[in-house]
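Everything below belongs to model_21.cif, which stores mmCIF, C-alpha atoms and all ligand atoms.
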data_target
#
loop_
_atom_site.group_PDB
_atom_site.id
_atom_site.type_symbol
_atom_site.label_atom_id
_atom_site.label_comp_id
_atom_site.auth_asym_id
_atom_site.auth_seq_id
_atom_site.Cartn_x
_atom_site.Cartn_y
_atom_site.Cartn_z
ATOM 1 C CA MET A 721 0.000 0.000 0.000
ATOM 2 C CA ASP A 722 1.461 3.341 -1.059
ATOM 3 C CA TYR A 723 0.490 5.334 2.031
ATOM 4 C CA ALA A 724 2.953 8.134 1.214
ATOM 5 C CA ARG A 725 1.282 8.841 -2.132
ATOM 6 C CA ILE A 726 -2.196 8.519 -0.639
ATOM 7 C CA LEU A 727 -1.385 11.030 2.106
ATOM 8 C CA SER A 728 0.026 13.536 -0.372
ATOM 9 C CA GLU A 729 -3.177 13.257 -2.427
ATOM 10 C CA ILE A 730 -5.313 13.679 0.684
ATOM 11 C CA VAL A 731 -3.543 16.818 1.848
ATOM 12 C CA GLU A 732 -4.282 18.437 -1.533
ATOM 13 C CA GLU A 733 -7.896 17.273 -1.655
ATOM 14 C CA VAL A 734 -8.840 18.472 1.841
ATOM 15 C CA ARG A 735 -7.147 21.872 1.457
ATOM 16 C CA PRO A 736 -10.399 23.681 0.558
ATOM 17 C CA LEU A 737 -11.937 22.479 3.836
ATOM 18 C CA VAL A 738 -9.080 23.517 6.122
ATOM 19 C CA GLY A 739 -10.204 26.590 8.069
ATOM 20 C CA LYS A 740 -13.901 25.980 7.319
ATOM 21 C CA GLY A 741 -16.171 25.477 10.325
ATOM 22 C CA ARG A 742 -15.386 26.887 13.766
ATOM 23 C CA ALA A 743 -12.698 26.203 16.311
ATOM 24 C CA ALA A 744 -13.767 25.340 19.872
ATOM 25 C CA GLU A 745 -14.043 28.961 20.944
ATOM 26 C CA TYR A 746 -15.695 28.099 24.249
ATOM 27 C CA ILE A 747 -12.253 27.027 25.527
ATOM 28 C CA PRO A 748 -10.283 30.308 25.203
ATOM 29 C CA PRO A 749 -6.781 28.920 24.389
ATOM 30 C CA LEU A 750 -8.261 26.722 21.641
ATOM 31 C CA ALA A 751 -9.750 29.803 19.984
ATOM 32 C CA GLU A 752 -6.223 31.084 19.466
ATOM 33 C CA VAL A 753 -4.843 28.092 17.565
ATOM 34 C CA PRO A 754 -4.116 29.018 13.921
ATOM 35 C CA ARG A 755 -6.989 27.807 11.727
ATOM 36 C CA ASP A 756 -4.798 26.810 8.801
ATOM 37 C CA ARG A 757 -3.218 23.780 10.472
ATOM 38 C CA PHE A 758 -3.573 20.303 9.003
ATOM 39 C CA GLY A 759 -1.514 17.253 9.856
ATOM 40 C CA MET A 760 -2.006 13.557 9.285
ATOM 41 C CA VAL A 761 -0.172 10.339 10.130
ATOM 42 C CA VAL A 762 -0.631 6.712 9.178
ATOM 43 C CA ARG A 763 1.328 4.392 11.410
ATOM 44 C CA THR A 764 1.224 0.700 10.527
ATOM 45 C CA VAL A 765 1.281 -2.193 12.969
ATOM 46 C CA GLY A 766 4.754 -2.886 11.530
ATOM 47 C CA ASN A 767 5.863 0.521 12.904
ATOM 48 C CA GLU A 768 6.149 2.237 9.540
ATOM 49 C CA VAL A 769 5.216 5.911 9.812
ATOM 50 C CA PHE A 770 3.881 8.098 6.998
ATOM 51 C CA GLN A 771 3.101 11.740 7.683
ATOM 52 C CA VAL A 772 2.094 14.985 6.012
ATOM 53 C CA GLY A 773 1.588 18.599 7.043
ATOM 54 C CA ASP A 774 1.678 19.683 10.681
ATOM 55 C CA SER A 775 1.966 16.122 11.948
ATOM 56 C CA GLY A 776 4.622 16.920 14.544
ATOM 57 C CA GLU A 777 2.909 19.917 16.107
ATOM 58 C CA ARG A 778 1.352 19.322 19.508
ATOM 59 C CA PHE A 779 -2.281 20.215 20.048
ATOM 60 C CA SER A 780 -4.861 19.765 22.778
ATOM 61 C CA ILE A 781 -6.142 16.207 22.351
ATOM 62 C CA GLN A 782 -9.267 16.933 24.437
ATOM 63 C CA SER A 783 -11.770 14.079 24.352
ATOM 64 C CA ILE A 784 -9.411 11.733 22.529
ATOM 65 C CA ALA A 785 -7.888 11.209 25.978
ATOM 66 C CA LYS A 786 -11.148 9.585 27.097
ATOM 67 C CA VAL A 787 -9.995 6.450 25.265
ATOM 68 C CA PHE A 788 -7.010 6.209 27.588
ATOM 69 C CA SER A 789 -9.100 6.732 30.700
ATOM 70 C CA LEU A 790 -11.641 4.122 29.579
ATOM 71 C CA THR A 791 -8.927 1.546 28.852
ATOM 72 C CA LEU A 792 -7.344 2.189 32.222
ATOM 73 C CA ALA A 793 -10.669 1.909 34.064
ATOM 74 C CA MET A 794 -11.407 -1.374 32.302
ATOM 75 C CA ARG A 795 -8.075 -2.692 33.505
ATOM 76 C CA LEU A 796 -8.677 -1.521 37.053
ATOM 77 C CA GLU A 797 -12.353 -2.394 37.442
ATOM 78 C CA GLY A 798 -13.170 -5.045 34.825
ATOM 79 C CA ASP A 799 -16.858 -5.399 33.981
ATOM 80 C CA ALA A 800 -17.853 -3.308 37.009
ATOM 81 C CA VAL A 801 -17.250 -0.260 34.768
ATOM 82 C CA TRP A 802 -20.534 -1.008 33.010
ATOM 83 C CA GLU A 803 -22.573 -0.859 36.211
ATOM 84 C CA ARG A 804 -22.021 2.902 36.336
ATOM 85 C CA VAL A 805 -21.834 3.887 32.672
ATOM 86 C CA GLY A 806 -23.547 2.581 29.541
ATOM 87 C CA ARG A 807 -22.141 1.722 26.138
ATOM 88 C CA GLU A 808 -24.772 2.977 23.746
ATOM 89 C CA PRO A 809 -24.426 5.943 21.400
ATOM 90 C CA SER A 810 -25.893 9.057 22.967
ATOM 91 C CA GLY A 811 -27.412 10.666 19.899
ATOM 92 C CA SER A 812 -27.081 13.949 21.748
ATOM 93 C CA ALA A 813 -24.354 16.518 22.345
ATOM 94 C CA PHE A 814 -21.268 15.462 24.308
ATOM 95 C CA ASN A 815 -22.058 17.898 27.100
ATOM 96 C CA SER A 816 -25.811 17.341 27.300
ATOM 97 C CA LEU A 817 -27.487 17.497 30.699
ATOM 98 C CA VAL A 818 -30.949 16.396 29.609
ATOM 99 C CA GLN A 819 -30.128 12.758 28.943
ATOM 100 C CA LEU A 820 -28.473 12.374 32.323
ATOM 101 C CA GLU A 821 -31.632 13.481 34.096
ATOM 102 C CA VAL A 822 -33.843 11.139 32.092
ATOM 103 C CA GLU A 823 -31.482 8.201 32.657
ATOM 104 C CA ARG A 824 -31.098 8.904 36.346
ATOM 105 C CA GLY A 825 -27.395 9.575 36.499
ATOM 106 C CA ILE A 826 -26.071 6.679 34.399
ATOM 107 C CA PRO A 827 -24.251 8.326 31.474
ATOM 108 C CA ARG A 828 -25.019 6.778 28.114
ATOM 109 C CA ASN A 829 -21.364 5.999 27.342
ATOM 110 C CA PRO A 830 -17.808 6.687 28.605
ATOM 111 C CA PHE A 831 -17.002 9.222 25.875
ATOM 112 C CA ILE A 832 -19.618 11.857 26.567
ATOM 113 C CA ASN A 833 -18.436 14.231 29.271
ATOM 114 C CA ALA A 834 -20.641 12.754 32.007
ATOM 115 C CA GLY A 835 -19.357 9.254 31.213
ATOM 116 C CA ALA A 836 -15.752 10.401 31.319
ATOM 117 C CA LEU A 837 -16.346 11.984 34.731
ATOM 118 C CA VAL A 838 -17.666 8.672 36.098
ATOM 119 C CA VAL A 839 -14.710 6.788 34.589
ATOM 120 C CA LEU A 840 -12.271 9.208 36.255
ATOM 121 C CA ASP A 841 -14.119 8.799 39.540
ATOM 122 C CA MET A 842 -13.426 5.049 39.325
ATOM 123 C CA ILE A 843 -9.759 5.635 38.531
ATOM 124 C CA LEU A 844 -9.358 8.058 41.443
ATOM 125 C CA ASP A 845 -10.519 5.286 43.799
ATOM 126 C CA HIS A 846 -7.332 3.421 42.869
ATOM 127 C CA GLN A 847 -4.989 6.399 42.915
ATOM 128 C CA ALA A 848 -2.604 7.045 45.791
ATOM 129 C CA GLU A 849 -1.808 10.596 46.867
ATOM 130 C CA GLY A 850 0.677 12.183 44.467
ATOM 131 C CA ALA A 851 0.225 9.499 41.777
ATOM 132 C CA ASP A 852 -1.274 10.073 38.336
ATOM 133 C CA LEU A 853 -2.498 6.801 36.861
ATOM 134 C CA VAL A 854 -3.864 8.318 33.660
ATOM 135 C CA LEU A 855 -0.670 10.122 32.772
ATOM 136 C CA ASP A 856 1.349 6.992 33.607
ATOM 137 C CA PHE A 857 -0.877 5.001 31.272
ATOM 138 C CA VAL A 858 -0.550 7.492 28.401
ATOM 139 C CA ARG A 859 3.209 7.664 28.828
ATOM 140 C CA ARG A 860 3.426 3.877 28.821
ATOM 141 C CA ALA A 861 1.185 3.486 25.763
ATOM 142 C CA SER A 862 3.111 6.127 23.858
ATOM 143 C CA ALA A 863 6.573 5.200 25.185
ATOM 144 C CA ASP A 864 7.060 8.937 25.704
ATOM 145 C CA PRO A 865 7.716 10.193 29.247
ATOM 146 C CA SER A 866 7.463 13.797 28.044
ATOM 147 C CA VAL A 867 3.698 13.625 27.414
ATOM 148 C CA GLY A 868 1.976 15.996 29.814
ATOM 149 C CA TYR A 869 -0.816 18.391 30.544
ATOM 150 C CA ASP A 870 -1.123 21.871 29.118
ATOM 151 C CA GLU A 871 -1.844 23.711 32.333
ATOM 152 C CA SER A 872 -3.047 26.837 30.505
ATOM 153 C CA VAL A 873 -5.758 24.784 28.743
ATOM 154 C CA ALA A 874 -6.647 22.960 31.970
ATOM 155 C CA GLY A 875 -6.841 26.290 33.797
ATOM 156 C CA ALA A 876 -9.053 27.834 31.123
ATOM 157 C CA GLU A 877 -11.429 24.876 31.308
ATOM 158 C CA ARG A 878 -11.468 25.065 35.077
ATOM 159 C CA ALA A 879 -12.429 28.738 34.798
ATOM 160 C CA THR A 880 -15.083 28.307 32.098
ATOM 161 C CA GLY A 881 -16.335 24.725 32.523
ATOM 162 C CA HIS A 882 -19.625 25.472 34.246
ATOM 163 C CA ARG A 883 -21.485 22.863 32.266
ATOM 164 C CA ASN A 884 -19.004 20.147 33.232
ATOM 165 C CA ARG A 885 -19.270 21.305 36.822
ATOM 166 C CA ALA A 886 -23.039 20.969 36.563
ATOM 167 C CA LEU A 887 -22.653 17.447 35.166
ATOM 168 C CA ALA A 888 -20.354 16.408 38.018
ATOM 169 C CA HIS A 889 -22.727 17.656 40.699
ATOM 170 C CA PHE A 890 -25.645 16.128 38.880
ATOM 171 C CA LEU A 891 -23.868 12.754 38.896
ATOM 172 C CA ARG A 892 -23.163 13.192 42.572
ATOM 173 C CA SER A 893 -26.848 13.833 43.231
ATOM 174 C CA PHE A 894 -27.583 10.424 41.701
ATOM 175 C CA ASP A 895 -24.829 8.813 43.823
ATOM 176 C CA ASN A 896 -22.787 8.030 40.726
ATOM 177 C CA LEU A 897 -19.753 10.043 41.802
ATOM 178 C CA GLY A 898 -18.026 8.970 45.005
ATOM 179 C CA ASN A 899 -15.134 11.416 45.129
ATOM 180 C CA ASP A 900 -15.388 15.137 45.736
ATOM 181 C CA PRO A 901 -16.755 16.599 42.467
ATOM 182 C CA ASP A 902 -13.976 19.210 42.432
ATOM 183 C CA ARG A 903 -11.331 16.489 42.569
ATOM 184 C CA VAL A 904 -12.977 14.614 39.700
ATOM 185 C CA LEU A 905 -13.373 17.820 37.695
ATOM 186 C CA ASP A 906 -9.754 18.695 38.233
ATOM 187 C CA ALA A 907 -8.735 15.290 36.854
ATOM 188 C CA TYR A 908 -11.173 15.801 33.959
ATOM 189 C CA PHE A 909 -9.885 19.234 32.957
ATOM 190 C CA ARG A 910 -6.336 17.960 33.066
ATOM 191 C CA LEU A 911 -7.231 14.839 31.068
ATOM 192 C CA CYS A 912 -8.713 17.016 28.313
ATOM 193 C CA SER A 913 -5.643 19.262 28.303
ATOM 194 C CA ILE A 914 -3.143 16.550 27.358
ATOM 195 C CA SER A 915 -1.060 17.861 24.523
ATOM 196 C CA MET A 916 0.240 15.542 21.785
ATOM 197 C CA SER A 917 1.014 15.578 18.071
ATOM 198 C CA CYS A 918 -0.534 13.394 15.366
ATOM 199 C CA ALA A 919 2.690 11.392 15.363
ATOM 200 C CA GLY A 920 2.640 10.915 19.142
ATOM 201 C CA LEU A 921 -1.021 9.945 19.151
ATOM 202 C CA ALA A 922 -0.501 7.405 16.392
ATOM 203 C CA THR A 923 2.144 5.732 18.540
ATOM 204 C CA ALA A 924 -0.012 5.881 21.670
ATOM 205 C CA PHE A 925 -2.967 4.209 19.922
ATOM 206 C CA HIS A 926 -0.853 1.362 18.527
ATOM 207 C CA TYR A 927 -2.348 -0.958 21.164
ATOM 208 C CA LEU A 928 -5.796 -0.705 19.629
ATOM 209 C CA ALA A 929 -4.523 -1.896 16.244
ATOM 210 C CA THR A 930 -2.558 -4.798 17.738
ATOM 211 C CA GLY A 931 -4.943 -6.368 20.222
ATOM 212 C CA GLY A 932 -3.374 -4.607 23.197
ATOM 213 C CA LEU A 933 0.377 -4.379 22.577
ATOM 214 C CA SER A 934 1.952 -0.939 22.777
ATOM 215 C CA ALA A 935 4.491 0.241 20.212
ATOM 216 C CA GLY A 936 7.140 -0.658 22.801
ATOM 217 C CA GLY A 937 5.823 -4.251 22.942
ATOM 218 C CA GLU A 938 4.167 -3.922 26.339
ATOM 219 C CA GLU A 939 0.688 -5.366 26.988
ATOM 220 C CA VAL A 940 -1.364 -2.291 27.904
ATOM 221 C CA ALA A 941 -4.721 -4.007 27.215
ATOM 222 C CA THR A 942 -5.859 -7.576 26.636
ATOM 223 C CA PRO A 943 -7.089 -8.481 23.132
ATOM 224 C CA ARG A 944 -10.622 -8.528 24.499
ATOM 225 C CA GLN A 945 -10.266 -5.078 26.074
ATOM 226 C CA ALA A 946 -8.797 -3.694 22.834
ATOM 227 C CA LYS A 947 -11.729 -5.125 20.862
ATOM 228 C CA ARG A 948 -14.198 -3.608 23.279
ATOM 229 C CA VAL A 949 -12.588 -0.176 23.305
ATOM 230 C CA ASN A 950 -12.614 -0.154 19.489
ATOM 231 C CA SER A 951 -16.295 -1.130 19.533
ATOM 232 C CA VAL A 952 -17.194 1.711 21.867
ATOM 233 C CA MET A 953 -15.200 4.088 19.671
ATOM 234 C CA LEU A 954 -17.115 2.938 16.603
ATOM 235 C CA THR A 955 -20.515 3.471 18.185
ATOM 236 C CA CYS A 956 -19.792 6.418 20.497
ATOM 237 C CA GLY A 957 -16.419 7.965 19.576
ATOM 238 C CA VAL A 958 -17.652 10.943 17.593
ATOM 239 C CA TYR A 959 -20.786 11.746 19.586
ATOM 240 C CA ASP A 960 -23.950 12.342 17.606
ATOM 241 C CA GLU A 961 -22.025 12.021 14.351
ATOM 242 C CA ALA A 962 -21.295 8.312 14.945
ATOM 243 C CA GLY A 963 -23.682 7.101 12.235
ATOM 244 C CA ASP A 964 -22.340 9.493 9.640
ATOM 245 C CA TYR A 965 -18.781 8.535 10.574
ATOM 246 C CA ALA A 966 -19.423 4.814 10.272
ATOM 247 C CA TYR A 967 -21.018 5.508 6.894
ATOM 248 C CA ARG A 968 -18.298 7.782 5.564
ATOM 249 C CA VAL A 969 -15.142 6.489 7.257
ATOM 250 C CA GLY A 970 -15.977 2.995 8.455
ATOM 251 C CA LEU A 971 -13.410 2.814 11.250
ATOM 252 C CA PRO A 972 -13.529 3.083 15.048
ATOM 253 C CA ALA A 973 -12.592 6.696 15.731
ATOM 254 C CA LYS A 974 -12.314 9.173 18.564
ATOM 255 C CA SER A 975 -12.370 12.922 18.170
ATOM 256 C CA GLY A 976 -11.678 15.898 20.389
ATOM 257 C CA VAL A 977 -12.723 19.536 20.162
ATOM 258 C CA GLY A 978 -9.067 20.483 19.676
ATOM 259 C CA GLY A 979 -9.616 19.204 16.114
ATOM 260 C CA GLY A 980 -7.806 15.896 16.469
ATOM 261 C CA VAL A 981 -9.222 12.541 15.378
ATOM 262 C CA VAL A 982 -7.744 9.073 15.818
ATOM 263 C CA ALA A 983 -9.014 6.162 13.720
ATOM 264 C CA VAL A 984 -8.014 2.525 14.068
ATOM 265 C CA MET A 985 -7.886 -0.162 11.413
ATOM 266 C CA PRO A 986 -7.311 -3.238 13.585
ATOM 267 C CA GLY A 987 -4.478 -5.409 12.326
ATOM 268 C CA ARG A 988 -3.313 -2.744 9.852
ATOM 269 C CA PHE A 989 -2.785 0.814 11.058
ATOM 270 C CA VAL A 990 -3.622 3.777 13.256
ATOM 271 C CA ALA A 991 -4.465 7.003 11.421
ATOM 272 C CA THR A 992 -4.408 10.369 13.172
ATOM 273 C CA VAL A 993 -5.402 13.722 11.821
ATOM 274 C CA TRP A 994 -5.542 17.247 13.171
ATOM 275 C CA SER A 995 -7.186 20.395 11.870
ATOM 276 C CA PRO A 996 -8.750 22.778 14.399
ATOM 277 C CA CYS A 997 -12.019 23.813 12.740
ATOM 278 C CA LEU A 998 -15.016 21.680 13.612
ATOM 279 C CA SER A 999 -18.402 20.570 12.365
ATOM 280 C CA GLU A 1000 -21.546 21.537 14.315
ATOM 281 C CA LYS A 1001 -21.170 18.290 16.273
ATOM 282 C CA GLY A 1002 -17.634 19.073 17.387
ATOM 283 C CA ASN A 1003 -15.566 16.909 15.040
ATOM 284 C CA SER A 1004 -12.770 18.218 12.783
ATOM 285 C CA LEU A 1005 -14.261 18.998 9.379
ATOM 286 C CA ALA A 1006 -11.101 18.556 7.331
ATOM 287 C CA GLY A 1007 -10.079 15.652 9.550
ATOM 288 C CA THR A 1008 -13.258 13.712 8.853
ATOM 289 C CA MET A 1009 -12.889 14.264 5.111
ATOM 290 C CA ALA A 1010 -9.262 13.153 5.286
ATOM 291 C CA LEU A 1011 -10.227 9.897 7.005
ATOM 292 C CA GLU A 1012 -13.027 9.299 4.519
ATOM 293 C CA LEU A 1013 -10.519 9.745 1.707
ATOM 294 C CA LEU A 1014 -8.065 7.401 3.438
ATOM 295 C CA THR A 1015 -10.520 4.503 3.671
ATOM 296 C CA THR A 1016 -11.758 5.176 0.139
ATOM 297 C CA LYS A 1017 -8.298 5.302 -1.405
ATOM 298 C CA THR A 1018 -6.931 2.308 0.532
ATOM 299 C CA ALA A 1019 -10.211 0.363 0.295
ATOM 300 C CA LEU A 1020 -9.521 -0.587 3.927
ATOM 301 C CA SER A 1021 -12.180 -0.274 6.592
ATOM 302 C CA VAL A 1022 -13.728 -2.596 9.136
ATOM 303 C CA PHE A 1023 -16.680 -3.161 6.794
HETATM 304 N N1 LIG A 1101 -12.831 19.577 27.382
HETATM 305 C C1 LIG A 1101 -13.947 19.505 26.480
HETATM 306 C C2 LIG A 1101 -15.231 19.695 27.256
HETATM 307 O O1 LIG A 1101 -15.310 19.227 28.330
HETATM 308 C C3 LIG A 1101 -13.918 18.166 25.781
HETATM 309 C C4 LIG A 1101 -14.996 18.033 24.782
HETATM 310 C C5 LIG A 1101 -14.599 17.283 23.536
HETATM 311 O O2 LIG A 1101 -13.451 17.184 23.138
HETATM 312 N N2 LIG A 1101 -15.603 16.807 22.843
HETATM 313 O O3 LIG A 1101 -16.169 20.307 26.826
#

Just give me the structure of the file as structure tokens.
Amino acid sequence: MDYARILSEIVEEVRPLVGKGRAAEYIPPLAEVPRDRFGMVVRTVGNEVFQVGDSGERFSIQSIAKVFSLTLAMRLEGDAVWERVGREPSGSAFNSLVQLEVERGIPRNPFINAGALVVLDMILDHQAEGADLVLDFVRRASADPSVGYDESVAGAERATGHRNRALAHFLRSFDNLGNDPDRVLDAYFRLCSISMSCAGLATAFHYLATGGLSAGGEEVATPRQAKRVNSVMLTCGVYDEAGDYAYRVGLPAKSGVGGGVVAVMPGRFVATVWSPCLSEKGNSLAGTMALELLTTKTALSVF
């Protein structure tokens, strides 16, 4: 497969879309990211890396990090995870409060904000003072000890995240948050602020293309856990655009409002893309088109 040629075609074909749509202006530092950025990486299970554009530039991975927290919670808690969070697509916005009320405090899935808060609550139950299990996990998966939080993004979300604060207290009112909501929110804002490049993300997601083995050869998930995380990504990874994504791209994918998207072709590759401007539903516009072109040109998808 000539991934290098395919990527150079894609970068030309998506150019008209780069800068269209809106950046996530509700998080002030994200509003300042230059709109003209586009980067993409295909990293094969054989560790070959193909990249174009701004693939080495770090950006705020936002909700993409919810894949790491889910994997970690599944390792720590096993099937008990699913007693406190569902695994069905939400069909509503990632920060919706309405659904949580109707469903009495059990978030529809671990990738909407309410679900991620519950997952972090579980992780915090296992975390000793001074430790950071999520960051340890991400560093292990990516074999990169320099991965860290962007404290300016975390701080901005802490200052402006009233809706997330509402979700956390709402969960608490249904007894589905055991830790102090402020502690869980702090972990949440930091989780969303993790800063990585397309290249770094492609390495970190290697385990989902290999049945659980990290790029460094370490087992960070079992084959069954990797299958399950991919399944939840396919049905819930891009919020209320999941149906359109499955139709257009045909791969498990996870997006973030920083404009990043990670897609996994199990057994073949991880593809990552970044372009800051988003669709109405909060997924990178140019990024989605790039992934659609990738599965069309390679004729590789899970379907
Ligand atoms: N930090 C963002 C929020 O909580 C994450 C949302 C996202 O990436 N979809 O609103």

Set the distance at 9 Å and use all atoms listed in the file: which residues neighbour stretch 947-961 of chain A once local chain neighbours fewer than 5 positions away are removed? I'd like the list as number ranges by chain.
A: 784, 787, 790-791, 807-814, 829-832, 928-929, 931-932, 942, 966, 970-976, 981, 983-984, 986, 1001-1003

Selection result for the PyMOL selection byres (((chain A and resi 777-780) around 8) and not hetatm) on this file, as JSON, numbers by chain:
{"A": [750, 774, 775, 776, 781, 782, 870, 873, 912, 913, 914, 915, 916, 917, 918, 978, 980]}

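With atom CA of A:Leu817 on one side and atom C1 of ligand LIG 1101 (chain A) on the other, the separation reads 14.3 Å.
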
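The interatomic distance for the pair atom CA of A:Ala924 and atom CA of A:Met985 works out to 14.3 Å.
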
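If you look at atom CA of A:Asp841 and atom O1 of ligand LIG 1101 (chain A), they are 15.4 Å away from each other.
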
The PyMOL selection byres (((chain A and resi 794) around 10) and not hetatm) on the file shown: which residues, as number ranges by chain?
A: 788-793, 795-802, 839, 842-843, 941, 945, 948-949

Please provide the set of residues having any atom within 12 Å of A:Gly825, restricted to only C-alpha atoms, with same-chain residues fewer than 5 positions apart removed, written as a PyMOL selection string.
chain A and resi 803-806+817-820+834-835+837-838+887-897

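Summary of the local environment: counting all atoms listed in the file, residues at most 9 Å from stretch 859-866 of chain A, other than itself and those fewer than 4 positions away along its chain, are Phe788, Val854, Leu855, Gly920, Leu921, Ala922, Thr923, Ala924, Phe925, His926, Tyr927, Leu933, Ser934, Ala935, Gly936, Glu938, Glu939 and Val940 of chain A.
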